[in-house]
>>> print(open('coords-v2.txt').read())   # compact mmCIF, C-alpha atoms
# COMPACT_ATOMS: atom_id res chain seq x y z
CA MET X 1 -4.02 21.86 0.63
CA ASP X 2 -0.56 20.60 1.53
CA ILE X 3 -0.39 17.19 3.17
CA ILE X 4 2.53 14.89 4.01
CA PHE X 5 2.46 11.23 3.00
CA ALA X 6 4.66 9.28 5.40
CA THR X 7 6.46 7.31 2.70
CA ASN X 8 9.64 7.61 0.72
CA ASN X 9 8.29 5.32 -2.02
CA PRO X 10 7.84 7.45 -5.17
CA HIS X 11 5.34 4.92 -6.62
CA LYS X 12 3.09 5.27 -3.58
CA GLN X 13 3.38 9.05 -3.70
CA GLU X 14 2.39 9.06 -7.39
CA GLU X 15 -0.63 6.85 -6.72
CA ALA X 16 -1.72 9.00 -3.77
CA GLN X 17 -1.38 12.23 -5.74
CA ALA X 18 -3.41 10.77 -8.63
CA ILE X 19 -6.23 9.74 -6.27
CA LEU X 20 -6.29 12.86 -4.11
CA GLY X 21 -6.22 15.12 -7.16
CA PRO X 22 -5.04 18.67 -7.80
CA SER X 23 -6.72 20.14 -4.70
CA PHE X 24 -4.02 18.46 -2.61
CA GLN X 25 -0.25 18.70 -2.83
CA VAL X 26 1.28 15.48 -1.51
CA HIS X 27 4.76 15.86 0.02
CA THR X 28 7.11 13.21 1.37
CA PRO X 29 9.18 13.40 4.57
CA ALA X 30 12.39 13.12 2.51
CA ALA X 31 11.42 16.15 0.40
CA LEU X 32 10.92 18.06 3.65
CA GLY X 33 14.30 17.06 5.10
CA LEU X 34 13.53 13.80 6.92
CA PRO X 35 15.37 11.08 4.98
CA GLY X 36 15.48 7.39 5.80
CA ASP X 37 12.92 4.81 6.83
CA LEU X 38 10.11 5.57 9.23
CA PRO X 39 9.54 3.24 12.20
CA GLU X 40 7.56 0.04 11.54
CA THR X 41 7.95 -2.04 14.69
CA CYS X 42 4.34 -3.04 15.36
CA ASP X 43 2.94 -6.50 14.69
CA THR X 44 -0.13 -5.28 12.77
CA LEU X 45 -0.66 -3.21 9.63
CA ARG X 46 -2.84 -0.80 11.60
CA GLY X 47 -0.17 -0.37 14.26
CA ASN X 48 2.56 0.33 11.72
CA SER X 49 0.37 2.77 9.81
CA ILE X 50 -0.42 4.74 12.96
CA GLN X 51 3.22 4.59 14.12
CA LYS X 52 4.49 6.11 10.86
CA ALA X 53 1.84 8.84 10.83
CA CYS X 54 2.67 9.75 14.43
CA ALA X 55 6.38 9.94 13.64
CA VAL X 56 5.75 12.42 10.84
CA TRP X 57 3.23 14.43 12.88
CA ASN X 58 5.68 14.64 15.79
CA CYS X 59 8.42 15.88 13.46
CA PHE X 60 6.47 18.46 11.42
CA GLN X 61 3.20 19.16 13.29
CA GLN X 62 1.46 19.21 9.89
CA ASP X 63 -1.48 17.21 8.56
CA CYS X 64 -0.15 13.86 7.37
CA PHE X 65 -1.09 10.32 6.54
CA ALA X 66 0.67 6.97 6.38
CA ASP X 67 -0.20 3.60 5.00
CA ASP X 68 0.86 0.09 5.70
CA THR X 69 0.04 -2.61 3.24
CA GLY X 70 0.20 -6.35 3.51
CA LEU X 71 -0.26 -9.27 1.17
CA GLU X 72 -2.15 -12.07 2.94
CA ILE X 73 -1.95 -15.49 1.26
CA ASP X 74 -4.38 -18.04 2.65
CA ALA X 75 -2.24 -21.09 1.78
CA LEU X 76 0.62 -19.51 3.77
CA GLY X 77 -1.50 -18.84 6.85
CA GLY X 78 -1.83 -15.15 6.05
CA ALA X 79 1.88 -14.60 5.33
CA PRO X 80 3.69 -12.46 4.44
CA GLY X 81 1.21 -10.06 6.12
CA VAL X 82 2.95 -7.43 8.21
CA HIS X 83 6.29 -8.66 6.83
CA THR X 84 5.30 -8.06 3.19
CA ALA X 85 8.08 -5.57 2.34
CA ARG X 86 10.81 -7.67 4.01
CA TYR X 87 9.54 -11.18 3.27
CA ALA X 88 12.79 -12.31 1.63
CA GLY X 89 15.09 -10.26 3.88
CA VAL X 90 15.68 -6.92 5.53
CA ASP X 91 16.89 -5.24 2.32
CA LYS X 92 13.29 -5.03 0.99
CA ASP X 93 14.07 -6.62 -2.39
CA PRO X 94 10.73 -6.83 -4.29
CA ALA X 95 12.03 -9.38 -6.84
CA ALA X 96 13.32 -11.65 -4.05
CA ASN X 97 9.99 -11.30 -2.22
CA ARG X 98 8.08 -12.40 -5.32
CA ARG X 99 10.45 -15.33 -5.90
CA ARG X 100 9.97 -16.52 -2.31
CA VAL X 101 6.17 -16.41 -2.60
CA LEU X 102 6.18 -18.27 -5.91
CA ALA X 103 8.58 -20.88 -4.54
CA GLU X 104 6.45 -21.45 -1.43
CA LEU X 105 3.32 -21.91 -3.57
CA ALA X 106 5.00 -24.14 -6.19
CA GLY X 107 2.71 -26.95 -7.29
CA LEU X 108 -0.42 -25.37 -5.80
CA PRO X 109 -3.19 -24.85 -8.40
CA PHE X 110 -4.40 -21.34 -9.17
CA GLU X 111 -7.77 -21.77 -7.42
CA LYS X 112 -6.00 -22.60 -4.14
CA ARG X 113 -3.77 -19.49 -4.30
CA THR X 114 -6.36 -17.13 -2.82
CA ALA X 115 -4.92 -13.94 -1.38
CA ARG X 116 -5.72 -10.35 -0.63
CA PHE X 117 -3.94 -7.08 -0.34
CA ARG X 118 -4.93 -5.08 2.73
CA CYS X 119 -4.09 -1.39 3.13
CA VAL X 120 -4.54 0.66 6.29
CA VAL X 121 -4.28 4.45 5.96
CA SER X 122 -3.89 6.58 9.09
CA LEU X 123 -4.59 10.31 8.88
CA ILE X 124 -3.53 12.79 11.53
CA GLU X 125 -5.31 16.09 11.11
CA ASP X 126 -4.89 18.83 13.72
CA GLY X 127 -3.60 16.08 16.03
CA ALA X 128 -6.70 13.87 15.59
CA LEU X 129 -6.37 10.33 14.20
CA THR X 130 -8.71 8.74 11.63
CA VAL X 131 -8.08 5.29 10.12
CA PHE X 132 -9.31 3.90 6.77
CA GLU X 133 -8.94 0.37 5.39
CA GLY X 134 -9.24 -1.10 1.89
CA THR X 135 -8.84 -4.65 0.58
CA CYS X 136 -8.42 -6.23 -2.83
CA GLU X 137 -9.21 -9.94 -3.16
CA GLY X 138 -7.49 -12.11 -5.74
CA HIS X 139 -5.08 -14.96 -6.41
CA ILE X 140 -1.34 -15.39 -6.72
CA ALA X 141 -0.41 -16.11 -10.33
CA LEU X 142 1.31 -19.34 -11.30
CA GLN X 143 4.26 -17.31 -12.58
CA GLU X 144 5.36 -13.71 -12.70
CA SER X 145 3.84 -11.64 -15.51
CA GLU X 146 5.85 -9.43 -17.82
CA GLY X 147 3.72 -6.40 -17.00
CA VAL X 148 5.68 -3.23 -16.41
CA GLN X 149 3.12 -1.22 -14.45
CA GLY X 150 2.98 -1.19 -10.68
CA PHE X 151 5.56 -2.34 -8.15
CA GLY X 152 6.10 -4.77 -5.30
CA TYR X 153 3.96 -7.89 -5.73
CA ASP X 154 1.81 -6.44 -8.54
CA SER X 155 3.29 -8.73 -11.19
CA ILE X 156 2.13 -11.88 -9.35
CA PHE X 157 -1.28 -10.72 -8.05
CA VAL X 158 -4.42 -11.32 -10.13
CA PRO X 159 -7.44 -9.41 -8.77
CA ILE X 160 -10.85 -11.10 -8.71
CA GLY X 161 -12.62 -10.40 -12.00
CA LEU X 162 -9.45 -10.00 -14.04
CA ASP X 163 -7.28 -12.52 -15.87
CA VAL X 164 -4.17 -10.32 -15.73
CA THR X 165 -1.98 -9.09 -12.89
CA LEU X 166 -1.96 -5.61 -11.38
CA ALA X 167 1.29 -5.00 -13.30
CA GLU X 168 -0.57 -5.38 -16.60
CA ILE X 169 -3.19 -2.67 -16.12
CA SER X 170 -2.93 1.12 -16.11
CA ILE X 171 -2.43 3.13 -12.92
CA GLU X 172 -5.98 4.47 -13.35
CA GLU X 173 -7.41 0.93 -13.55
CA LYS X 174 -5.30 -0.17 -10.59
CA ASN X 175 -6.39 2.78 -8.46
CA ALA X 176 -10.04 1.96 -9.24
CA LEU X 177 -9.86 -1.53 -7.73
CA SER X 178 -6.77 -1.78 -5.53
CA HIS X 179 -6.61 -1.95 -1.75
CA ARG X 180 -4.67 1.30 -1.60
CA GLY X 181 -7.00 2.95 -4.09
CA LYS X 182 -10.01 2.05 -1.94
CA ALA X 183 -8.43 3.29 1.30
CA MET X 184 -7.14 6.44 -0.40
CA ARG X 185 -10.58 7.26 -1.83
CA MET X 186 -11.98 7.03 1.70
CA LEU X 187 -9.23 9.44 2.75
CA GLN X 188 -10.03 11.73 -0.19
CA CYS X 189 -13.77 11.81 0.66
CA HIS X 190 -12.97 12.60 4.28
CA LEU X 191 -10.55 15.39 3.36
CA GLN X 192 -12.91 16.92 0.80
CA GLN X 193 -15.75 16.95 3.30
CA ARG X 194 -13.49 18.69 5.80
CA HIS X 195 -11.76 21.10 3.42
CA GLY X 196 -14.17 21.27 0.47
>>> encode(input="coords-v2.txt", output="structure tokens")
Amino acid sequence: MDIIFATNNPHKQEEAQAILGPSFQVHTPAALGLPGDLPETCDTLRGNSIQKACAVWNCFQQDCFADDTGLEIDALGGAPGVHTARYAGVDKDPAANRRRVLAELAGLPFEKRTARFRCVVSLIEDGALTVFEGTCEGHIALQESEGVQGFGYDSIFVPIGLDVTLAEISIEEKNALSHRGKAMRMLQCHLQQRHG
């Protein structure tokens, strides 16, 4: 089954394809001729996820899904939250985002750096909307790891139960416990029940 993932992030596409498996062919809007960023003007992850899925559905009238993901840090009142991708500025610089988080948490002990990743996936299938949500609880590391896996904030996020960051584990391990992995497995179960 062909399905469009409303992202132009190749890392996200790779993760989604790995979770959905060979029964599904995941395409991006850019590969289908719609370059550039999709709209994200809502003040919630759910709103942005639905907004992006609707934009792709309206353009292609094909089954599609979108995600919006936020890092919520308790000591920062839930920030960066909906502003996760642009926390250090509009240019979406992941390294600058990580530096800002680490600077804002400087001096705070590890046990007080509780945080979670939240991912909301919105599926539009034959015009009908279904929403899935996954979370991954953890802590912000005291410093950035040298792990080379993952992207975004992975090199500063230590999931509960691990003593390494998401950037230091394989994509298979990450997909098994991550926020996006959980939401995408819900999506996969739903799609397989519908399309066998």
>>> closest_residue(input="coords-v2.txt", among="X:Cys64, X:Val131, X:Val164, X:Leu38", to="Met1 in chain X", atoms="only C-alpha atoms")
X:Cys64
>>> residues_around(input="coords-v2.txt", residues="range 24-37 of chain X", least_positions_apart="6", cutoff="12 Å", atoms="all atoms listed in the file", output="ChimeraX atom specification")
/X:1-18,52-53,55-60,62-66,91-92,187-188,191-192,195-196
>>> closest_residue(input="coords-v2.txt", among="X:Asp93, X:Glu133, X:Asp154, X:Glu168", to="Lys182 in chain X", atoms="all atoms listed in the file")
X:Glu133
>>> residues_around(input="coords-v2.txt", residues="Cys136 in chain X", least_positions_apart="5", cutoff="9 Å", atoms="only C-alpha atoms", output="list in words")
Ala115, Arg116, Phe117, Arg118, Cys119, Pro159, Ile160, Leu177, Ser178, His179, Arg180 and Lys182 of chain X
>>> residues_near_point(input="coords-v2.txt", point="(4.6, -2.5, -8.4)", cutoff="9 Å", atoms="all atoms listed in the file", output="CSV table (one decimal) with C-alpha atoms, in the coordinates of the input")
chain,number,residue,atom,x,y,z
X,11,HIS,CA,5.3,4.9,-6.6
X,94,PRO,CA,10.7,-6.8,-4.3
X,148,VAL,CA,5.7,-3.2,-16.4
X,149,GLN,CA,3.1,-1.2,-14.4
X,150,GLY,CA,3.0,-1.2,-10.7
X,151,PHE,CA,5.6,-2.3,-8.2
X,152,GLY,CA,6.1,-4.8,-5.3
X,153,TYR,CA,4.0,-7.9,-5.7
X,154,ASP,CA,1.8,-6.4,-8.5
X,155,SER,CA,3.3,-8.7,-11.2
X,166,LEU,CA,-2.0,-5.6,-11.4
X,167,ALA,CA,1.3,-5.0,-13.3
>>> residues_near_point(input="coords-v2.txt", point="(-13.8, 7.9, 10.1)", cutoff="9 Å", atoms="all atoms listed in the file", output="list of chain:residue names")
X:Leu129, X:Thr130, X:Val131, X:Phe132, X:Met186, X:Leu187, X:His190
>>> residues_around(input="coords-v2.txt", residues="Gln51 in chain X", least_positions_apart="5", cutoff="8 Å", atoms="all atoms listed in the file", output="list in words")
Pro39, Glu40 and Cys42 of chain X
>>> atom_distance(input="coords-v2.txt", atom1="CA of Gly138 in chain X", atom2="CA of Ala106 in chain X")
17.3 Å
>>> atom_distance(input="coords-v2.txt", atom1="CA of Tyr87 in chain X", atom2="CA of Gly70 in chain X")
10.5 Å
>>> atom_distance(input="coords-v2.txt", atom1="CA of Gly147 in chain X", atom2="CA of Arg100 in chain X")
18.9 Å
>>> closest_residue(input="coords-v2.txt", among="X:Ile124, X:Leu20, X:Ile156, X:His139", to="Ala95 in chain X", atoms="all atoms listed in the file")
X:Ile156
>>> axis_aligned_box(input="coords-v2.txt", around="range 101-104 of chain X", padding_each_side="6 Å", output="AutoDock Vina command-line options")
--center_x 7.4 --center_y -18.9 --center_z -3.7 --size_x 14.4 --size_y 17.0 --size_z 16.5
>>> closest_residue(input="coords-v2.txt", among="X:Ile169, X:Ala79, X:Arg86, X:Leu123", to="Ser145 in chain X", atoms="only C-alpha atoms")
X:Ile169
>>> closest_residue(input="coords-v2.txt", among="X:Thr114, X:Gln143, X:Asn175, X:Thr69", to="Ser49 in chain X", atoms="all atoms listed in the file")
X:Thr69
>>> closest_residue(input="coords-v2.txt", among="X:Ile171, X:Ile73, X:Ala88, X:Ala96", to="Ala141 in chain X", atoms="all atoms listed in the file")
X:Ile73
>>> decode(input="coords-v2.txt", residues="range 135-161 of chain X", atoms="N, CA and C atoms", output="mmCIF file, in the first residue's frame")
data_model
loop_
_atom_site.group_PDB
_atom_site.id
_atom_site.type_symbol
_atom_site.label_atom_id
_atom_site.label_comp_id
_atom_site.auth_asym_id
_atom_site.auth_seq_id
_atom_site.Cartn_x
_atom_site.Cartn_y
_atom_site.Cartn_z
ATOM 1 N N THR X 135 4.295 8.426 23.958
ATOM 2 C CA THR X 135 5.226 9.209 24.770
ATOM 3 C C THR X 135 6.416 8.351 25.186
ATOM 4 N N CYS X 136 7.514 9.012 25.460
ATOM 5 C CA CYS X 136 8.721 8.368 25.961
ATOM 6 C C CYS X 136 9.253 9.222 27.108
ATOM 7 N N GLU X 137 9.208 8.674 28.313
ATOM 8 C CA GLU X 137 9.664 9.402 29.503
ATOM 9 C C GLU X 137 11.176 9.255 29.658
ATOM 10 N N GLY X 138 11.812 10.267 30.224
ATOM 11 C CA GLY X 138 13.246 10.194 30.447
ATOM 12 C C GLY X 138 13.779 11.422 31.150
ATOM 13 N N HIS X 139 15.059 11.685 30.927
ATOM 14 C CA HIS X 139 15.754 12.831 31.514
ATOM 15 C C HIS X 139 16.626 13.491 30.448
ATOM 16 N N ILE X 140 16.927 14.751 30.660
ATOM 17 C CA ILE X 140 17.900 15.439 29.824
ATOM 18 C C ILE X 140 19.283 15.179 30.412
ATOM 19 N N ALA X 141 20.199 14.738 29.578
ATOM 20 C CA ALA X 141 21.559 14.433 30.024
ATOM 21 C C ALA X 141 22.266 15.693 30.521
ATOM 22 N N LEU X 142 23.303 15.490 31.310
ATOM 23 C CA LEU X 142 24.091 16.619 31.809
ATOM 24 C C LEU X 142 24.920 17.258 30.709
ATOM 25 N N GLN X 143 25.252 16.456 29.693
ATOM 26 C CA GLN X 143 25.982 16.978 28.532
ATOM 27 C C GLN X 143 25.622 16.137 27.319
ATOM 28 N N GLU X 144 25.921 16.663 26.157
ATOM 29 C CA GLU X 144 25.593 15.958 24.921
ATOM 30 C C GLU X 144 26.479 14.723 24.765
ATOM 31 N N SER X 145 25.869 13.616 24.339
ATOM 32 C CA SER X 145 26.630 12.391 24.118
ATOM 33 C C SER X 145 27.298 12.448 22.748
ATOM 34 N N GLU X 146 28.210 11.533 22.520
ATOM 35 C CA GLU X 146 28.891 11.453 21.236
ATOM 36 C C GLU X 146 28.237 10.427 20.316
ATOM 37 N N GLY X 147 27.058 9.962 20.691
ATOM 38 C CA GLY X 147 26.344 9.003 19.856
ATOM 39 C C GLY X 147 26.046 9.574 18.486
ATOM 40 N N VAL X 148 26.068 8.719 17.489
ATOM 41 C CA VAL X 148 25.887 9.179 16.108
ATOM 42 C C VAL X 148 24.552 8.734 15.517
ATOM 43 N N GLN X 149 23.781 7.957 16.268
ATOM 44 C CA GLN X 149 22.470 7.541 15.781
ATOM 45 C C GLN X 149 21.473 8.672 16.055
ATOM 46 N N GLY X 150 20.319 8.584 15.423
ATOM 47 C CA GLY X 150 19.248 9.515 15.723
ATOM 48 C C GLY X 150 19.473 10.915 15.171
ATOM 49 N N PHE X 151 18.662 11.841 15.677
ATOM 50 C CA PHE X 151 18.684 13.219 15.188
ATOM 51 C C PHE X 151 17.981 14.096 16.206
ATOM 52 N N GLY X 152 17.937 15.379 15.939
ATOM 53 C CA GLY X 152 17.240 16.306 16.828
ATOM 54 C C GLY X 152 17.853 16.339 18.218
ATOM 55 N N TYR X 153 17.050 16.039 19.223
ATOM 56 C CA TYR X 153 17.475 16.076 20.620
ATOM 57 C C TYR X 153 17.963 14.716 21.123
ATOM 58 N N ASP X 154 18.072 13.731 20.244
ATOM 59 C CA ASP X 154 18.393 12.365 20.677
ATOM 60 C C ASP X 154 19.673 12.286 21.498
ATOM 61 N N SER X 155 20.656 13.108 21.185
ATOM 62 C CA SER X 155 21.952 13.012 21.862
ATOM 63 C C SER X 155 21.962 13.630 23.263
ATOM 64 N N ILE X 156 20.817 14.206 23.705
ATOM 65 C CA ILE X 156 20.745 14.719 25.075
ATOM 66 C C ILE X 156 19.579 14.109 25.852
ATOM 67 N N PHE X 157 18.891 13.135 25.273
ATOM 68 C CA PHE X 157 17.720 12.541 25.938
ATOM 69 C C PHE X 157 18.022 11.112 26.353
ATOM 70 N N VAL X 158 17.907 10.849 27.661
ATOM 71 C CA VAL X 158 18.147 9.516 28.227
ATOM 72 C C VAL X 158 16.803 8.918 28.630
ATOM 73 N N PRO X 159 16.325 7.892 27.910
ATOM 74 C CA PRO X 159 15.039 7.290 28.259
ATOM 75 C C PRO X 159 15.093 6.575 29.608
ATOM 76 N N ILE X 160 13.961 6.528 30.295
ATOM 77 C CA ILE X 160 13.848 5.771 31.541
ATOM 78 C C ILE X 160 14.284 4.327 31.271
ATOM 79 N N GLY X 161 15.106 3.793 32.168
ATOM 80 C CA GLY X 161 15.555 2.411 32.031
ATOM 81 C C GLY X 161 16.873 2.245 31.305
#
